[in-house]
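The next block holds one structure in the form of structure tokens; read it before the comments.
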Amino acid sequence: MNKKTSTDAIDLLYEAILTLKDKKECHDFFSDVCTVNELLSMSQRFEVAKMLRAKCTYQEITEQTGASTATISRVNRSLNYGNDGYRIVLERLKNNDY
């Protein structure tokens, strides 16, 4: 784990997220914790990851999501060299027919 993302406060946040039971609780919690722009940015990056996994081109991703090529590159780097967080979640969602 990265030292910058492994603090007691961050660990507590992760624990808090793990207590959420359904989509409404997630919505309520993240709406309180994040700004609208932060939520939109996270959802955009997740959509980019999904499209990259589906082998979409940068142009297709930009046109569909409005993401910049810098954002797409950053997500692609995480997919290829990150901690497999996107992969784990995308696989689980795929298995749940999302």
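Going by the structure tokens order, chains are called A, B, ..., each with residues numbered from 1, while ligands are numbered from 1 in the order shown.
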So that each row is one residue of range 15-76 of chain A with an atom at most 10 Å from range 87-95 of chain A, can you give its shortest atom pair and the distance in Å to one decimal, using only C-alpha atoms, rows by chain and rising number, as a tab-separated table?
residue	atom	partner	partner_atom	distance
A:Phe46	CA	A:Leu90	CA	9.0
A:Ala49	CA	A:Leu90	CA	8.5
A:Lys50	CA	A:Leu90	CA	7.0
A:Arg53	CA	A:Arg87	CA	8.6
Quiz item: Using the chain letters and numbers from this document, which residues of range 45-79 of chain A does DSSP assign to helix (DSSP H, G or I), as a count of residues only?
Solution: 28
Quiz item: Excluding same-chain residues fewer than 4 positions from Met42 in chain A, what lies within 12 Å of it counting only C-alpha atoms, as a VMD selection string?
Solution: chain A and resid 30 34 to 38 46 to 49 65 67 71 75 86
Quiz item: Counting only C-alpha atoms, what is within 12 Å of Thr62 in chain A, bar same-chain residues fewer than 4 positions away, as a PyMOL selection string?
Solution: chain A and resi 44-45+47-48+51-52+56-58+66-73
Practice problem: Just the residues within 12 Å of Ala16 in chain A, please, counting only C-alpha atoms, with nothing from its chain fewer than 3 positions along; format it as a PyMOL selection string. | Solution: chain A and resi 9-13+19-21+25-26+29-30+33
Just the selected residues (C-alpha atoms), exported as a PDB file, in the first residue's frame, please.
ATOM      1  CA  ALA A   9      -8.092   8.541   8.674  1.00  0.00           C
ATOM      2  CA  ILE A  10      -8.183   6.853   5.272  1.00  0.00           C
ATOM      3  CA  ASP A  11      -8.509   3.421   6.875  1.00  0.00           C
ATOM      4  CA  LEU A  12     -11.477   4.738   8.859  1.00  0.00           C
ATOM      5  CA  LEU A  13     -13.051   6.039   5.651  1.00  0.00           C
ATOM      6  CA  THR A  19     -20.598  -0.575   6.402  1.00  0.00           C
ATOM      7  CA  LEU A  20     -22.875   0.723   3.631  1.00  0.00           C
ATOM      8  CA  LYS A  21     -25.611  -1.787   2.857  1.00  0.00           C
ATOM      9  CA  GLU A  25     -26.921   4.344   1.653  1.00  0.00           C
ATOM     10  CA  CYS A  26     -24.007   4.759  -0.775  1.00  0.00           C
ATOM     11  CA  PHE A  29     -23.016   8.886   2.205  1.00  0.00           C
ATOM     12  CA  PHE A  30     -21.129   9.941  -0.918  1.00  0.00           C
ATOM     13  CA  VAL A  33     -18.784  13.347   1.726  1.00  0.00           C
TER      14      VAL A  33
END
